[in-house]
Amino acid sequence: MAEKKSLLSEITKGLIKENPTLVMLLGMCPTLAVTTQAKNGIGMGLATTFVLLGSNIVISALRRIIPDKVRIPAFIVIIASFVTFVGFILEGFVPDLYDSLGIYLTLITVNCIIFGRAEMFASKNGIAASACDAIGMGLGFTLALFLMGSVREIIGAGQWMGMNIPVLHENPMLLFIMPAGGFFTLGVIIAAVNKIADKKPPQELGCHGCPNASACAQAGKGGCE
Amino acid sequence: MKDLFVILLAAMLTDNFVLSKFMGICPFLGVSKKLDSATGMGIAVTFVMICATAVTYPIHHGILVPNGLEYFDTVVFILVIALFVQLVETMLKKCIPSLYSSLGVYLPLITTNCAVLGVTVLNIDNNYSFIQAIVNSVGAGLGFMLALVIFSGVRKKMEYADIPKAFKGVPATLIAASIVSVSFMGFSGLFS
């Protein structure tokens with residue numbers, strides 16, 4: 001019973017309390033790049049969830065075999081293989097989504113959420129817990145992307161999931177679907193999360209999940225402390 | 001010659017990797033607090049981008065395409081970049097210690113920088129020739145450095161600003177980035 005409960009908590013923690021994008025501030029590049037439409041946000045989120053699930057399970061299963069010194073290249077190969085696989089599936093079954101995600105699909109390989117979870121969780125925990133962690137984190141990421149995509153699509157294009165929104169549709173604020181609007185929306189959403197959670201706002205990016213944290217701290221002198 | 005110049009300027013200004021393609025956001029927000037670290041990171045990224053393109057382009061066209069293995073691009077490219085960065089780090093440490101002490105610390109950060117993988121994949125996707133690919137990498141790297149340097153100046157001013165509590169830290173930085181990005185939109189009519 002206790003086992004079941006803890007597995008469930010692995011899933012739910014990723015959704016809100018440790019939401020990878022909005023609270024831990026990982027994986028900013030895809031969050032900003034593909035969220036011009038809510039639909040793309042969901043597609044990107046699910047693709048990432050799938051890669052995360054696969055890589056977490058495999059890395060967790062191999063965690064005693066992979067030597068510590070070569071773990072980063074080993075993780076990269078495992079993750080890149082899953083990304084290639086997802087690319088094939090999307091190209092075959094949902095070519096529209098494949099086209100609109102474009103290069104950002106390939107760049108899932110270097111998404112820090114996947115790397116961070118491999119390093120922080122999968123390489124230290126069992127297969128079942130890692131799978132649950134992956135599902136929770138992936139869904140949390142999807143939720144954040146969907147939220148970003150909805151805000152940007154409603155304000156910037158006057159549409160939502162293909163439906164026209166009255167008034168806004170005639171006078172969309174184009175800026176919101178442009179790159180600048182992406183930065184702005186994400187900033188405001190994170191600020192809103194800070195306000196609601198009433199926690200001490202994060203001063204820096206989610207460095208604790210980043211495999212480069214130690215190198216960054218060295219380089220930073222004001223980077224990631 | 002003219003199209004090379006267009007590629008260079010486009011990669012630097014109109015399609016700036018950080019501000020309009022959202023690649024390399026982590027170092028953009030993480031290492032842009034001080035001017036000298038922003039410059040160092042920019043130079044290191046430019047260097048690795050050029051070298052990574054010079055290495056992955058022949059691999060793609062010389063080994064993967066003739067054997068019908070283009071779908072291995074992602075796996076091969078990321079491994080080559082990871083190995084290459086290691087190699088450069090070791091060589092710099094041995095041969096040019098002075099350069100290593102100023103650039104070396106940034107090198108491990110670059111392996112998982114999406115801008116580097118992004119530029120190598122884009123060079124292939126756009127069917128560039130070898131020269132065009134190299135020029136595109138130079139432009140992308142310089143654009144990255146330009147964005148980092150400009151942004152470090154903006155952040156210095158921000159340290160003295162009185163920002164509402166919820167916006168302190170990352171949210172304010174993102175909104176500042178949004179305004180810098182608006183200024184780069186001014187370049188969008190440059191080539192038409």
# chains A, B, ... in the order shown; residues from 1 in each chain; ligands from 1
call {"tool": "closest_atom_pairs", "arguments": {"of": "chain B", "to": "chain A", "cutoff": "6 Å", "atoms": "only C-alpha atoms", "output": "JSON lines"}}
result
{"residue": "B:Ser20", "atom": "CA", "partner": "A:Pro179", "partner_atom": "CA", "distance": 5.3}
{"residue": "B:Phe22", "atom": "CA", "partner": "A:Cys29", "partner_atom": "CA", "distance": 5.3}
{"residue": "B:Met23", "atom": "CA", "partner": "A:Cys29", "partner_atom": "CA", "distance": 5.7}
{"residue": "B:Ile25", "atom": "CA", "partner": "A:Cys29", "partner_atom": "CA", "distance": 5.8}
{"residue": "B:Gly30", "atom": "CA", "partner": "A:Gly223", "partner_atom": "CA", "distance": 4.9}
{"residue": "B:Val31", "atom": "CA", "partner": "A:Gly223", "partner_atom": "CA", "distance": 4.6}
{"residue": "B:Lys33", "atom": "CA", "partner": "A:Gly222", "partner_atom": "CA", "distance": 5.8}
{"residue": "B:Val75", "atom": "CA", "partner": "A:Ala80", "partner_atom": "CA", "distance": 5.1}
{"residue": "B:Val105", "atom": "CA", "partner": "A:Ala219", "partner_atom": "CA", "distance": 5.2}
{"residue": "B:Tyr106", "atom": "CA", "partner": "A:Ala219", "partner_atom": "CA", "distance": 5.9}
{"residue": "B:Leu109", "atom": "CA", "partner": "A:Asn212", "partner_atom": "CA", "distance": 5.8}
{"residue": "B:Thr112", "atom": "CA", "partner": "A:Val110", "partner_atom": "CA", "distance": 5.4}
{"residue": "B:Cys114", "atom": "CA", "partner": "A:Val110", "partner_atom": "CA", "distance": 5.8}
{"residue": "B:Ala166", "atom": "CA", "partner": "A:Ala191", "partner_atom": "CA", "distance": 5.1}
{"residue": "B:Phe167", "atom": "CA", "partner": "A:Ala191", "partner_atom": "CA", "distance": 5.0}
{"residue": "B:Gly169", "atom": "CA", "partner": "A:Gln203", "partner_atom": "CA", "distance": 4.5}
{"residue": "B:Pro171", "atom": "CA", "partner": "A:Gly187", "partner_atom": "CA", "distance": 4.0}
{"residue": "B:Leu174", "atom": "CA", "partner": "A:Gly187", "partner_atom": "CA", "distance": 5.1}
{"residue": "B:Ile175", "atom": "CA", "partner": "A:Phe184", "partner_atom": "CA", "distance": 4.8}
{"residue": "B:Ser178", "atom": "CA", "partner": "A:Ala180", "partner_atom": "CA", "distance": 4.4}
{"residue": "B:Ser181", "atom": "CA", "partner": "A:Ala180", "partner_atom": "CA", "distance": 5.1}
{"residue": "B:Val182", "atom": "CA", "partner": "A:Ala180", "partner_atom": "CA", "distance": 5.6}
call {"tool": "write_last_selection", "arguments": {"atoms": "N, CA and C atoms", "output": "CSV table (one decimal), in the first residue's frame"}}
result
chain,number,residue,atom,x,y,z
B,20,SER,N,15.1,34.8,-31.8
B,20,SER,CA,14.0,34.5,-32.6
B,20,SER,C,13.8,33.0,-32.9
B,22,PHE,N,14.9,30.8,-30.3
B,22,PHE,CA,14.9,30.2,-29.0
B,22,PHE,C,15.8,29.1,-28.8
B,23,MET,N,17.0,29.1,-29.3
B,23,MET,CA,18.0,28.1,-29.1
B,23,MET,C,19.0,28.6,-28.2
B,25,ILE,N,18.7,29.1,-24.8
B,25,ILE,CA,18.1,30.0,-23.8
B,25,ILE,C,18.8,29.8,-22.5
B,30,GLY,N,21.6,32.2,-18.1
B,30,GLY,CA,22.4,31.8,-17.0
B,30,GLY,C,23.8,32.5,-17.0
B,31,VAL,N,24.4,32.7,-18.2
B,31,VAL,CA,25.7,33.3,-18.2
B,31,VAL,C,25.8,34.7,-18.7
B,33,LYS,N,25.0,37.4,-16.8
B,33,LYS,CA,25.0,38.4,-15.8
B,33,LYS,C,26.2,39.4,-15.9
B,75,VAL,N,21.6,11.1,-33.5
B,75,VAL,CA,22.5,10.3,-32.6
B,75,VAL,C,24.0,10.6,-32.9
B,105,VAL,N,36.5,26.9,-19.2
B,105,VAL,CA,35.4,26.6,-18.3
B,105,VAL,C,34.0,26.6,-19.0
B,106,TYR,N,33.9,27.2,-20.2
B,106,TYR,CA,32.6,27.3,-20.8
B,106,TYR,C,32.4,26.0,-21.7
B,109,LEU,N,29.9,23.3,-20.9
B,109,LEU,CA,28.5,23.7,-21.0
B,109,LEU,C,27.9,23.6,-22.4
B,112,THR,N,25.6,20.3,-24.3
B,112,THR,CA,24.2,20.2,-24.3
B,112,THR,C,23.5,21.5,-24.6
B,114,CYS,N,21.5,23.6,-27.0
B,114,CYS,CA,20.8,23.2,-28.2
B,114,CYS,C,21.1,24.0,-29.4
B,166,ALA,N,6.9,39.2,-6.9
B,166,ALA,CA,6.7,38.0,-7.7
B,166,ALA,C,7.5,38.0,-9.0
B,167,PHE,N,7.9,39.1,-9.5
B,167,PHE,CA,8.6,39.2,-10.7
B,167,PHE,C,10.1,39.1,-10.6
B,169,GLY,N,13.9,38.1,-10.2
B,169,GLY,CA,14.6,37.0,-10.7
B,169,GLY,C,14.2,36.6,-12.2
B,171,PRO,N,11.4,35.8,-13.9
B,171,PRO,CA,10.3,36.5,-14.7
B,171,PRO,C,10.7,37.8,-15.2
B,174,LEU,N,13.1,37.4,-18.1
B,174,LEU,CA,12.4,36.9,-19.3
B,174,LEU,C,11.7,38.1,-20.0
B,175,ILE,N,11.1,39.0,-19.2
B,175,ILE,CA,10.4,40.1,-19.8
B,175,ILE,C,11.4,41.1,-20.4
B,178,SER,N,12.2,39.7,-23.6
B,178,SER,CA,11.2,40.0,-24.6
B,178,SER,C,11.4,41.4,-25.3
B,181,SER,N,14.2,41.3,-27.6
B,181,SER,CA,13.7,40.5,-28.8
B,181,SER,C,12.9,41.5,-29.7
B,182,VAL,N,12.1,42.3,-29.1
B,182,VAL,CA,11.3,43.3,-30.0
B,182,VAL,C,12.3,44.2,-30.8
call {"tool": "residues_around", "arguments": {"residues": "Asn123 in chain B", "least_positions_apart": "4", "cutoff": "9 Å", "atoms": "only C-alpha atoms", "output": "NGL selection string"}}
result
:B and (53 or 57 or 118-119 or 127-130 or 132-134 or 136-137)
call {"tool": "select_by_dssp", "arguments": {"residues": "range 53-214 of chain A", "states": "strand (DSSP E)", "output": "MDAnalysis selection string"}}
result
chainID A and resid 159:160 163:164
call {"tool": "atom_distance", "arguments": {"atom1": "CA of Asp125 in chain B", "atom2": "CA of Phe184 in chain B"}}
result
24.4 Å
call {"tool": "residues_around", "arguments": {"residues": "Thr39 in chain B", "least_positions_apart": "5", "cutoff": "8 Å", "atoms": "only C-alpha atoms", "output": "ChimeraX atom specification"}}
result
/B:145,148-149
call {"tool": "write_last_selection", "arguments": {"atoms": "C-alpha atoms", "output": "mmCIF file, in the first residue's frame"}}
result
data_model
loop_
_atom_site.group_PDB
_atom_site.id
_atom_site.type_symbol
_atom_site.label_atom_id
_atom_site.label_comp_id
_atom_site.auth_asym_id
_atom_site.auth_seq_id
_atom_site.Cartn_x
_atom_site.Cartn_y
_atom_site.Cartn_z
ATOM 1 C CA MET B 145 27.406 36.430 -28.751
ATOM 2 C CA LEU B 148 24.465 37.689 -24.808
ATOM 3 C CA VAL B 149 26.568 40.852 -24.732
#
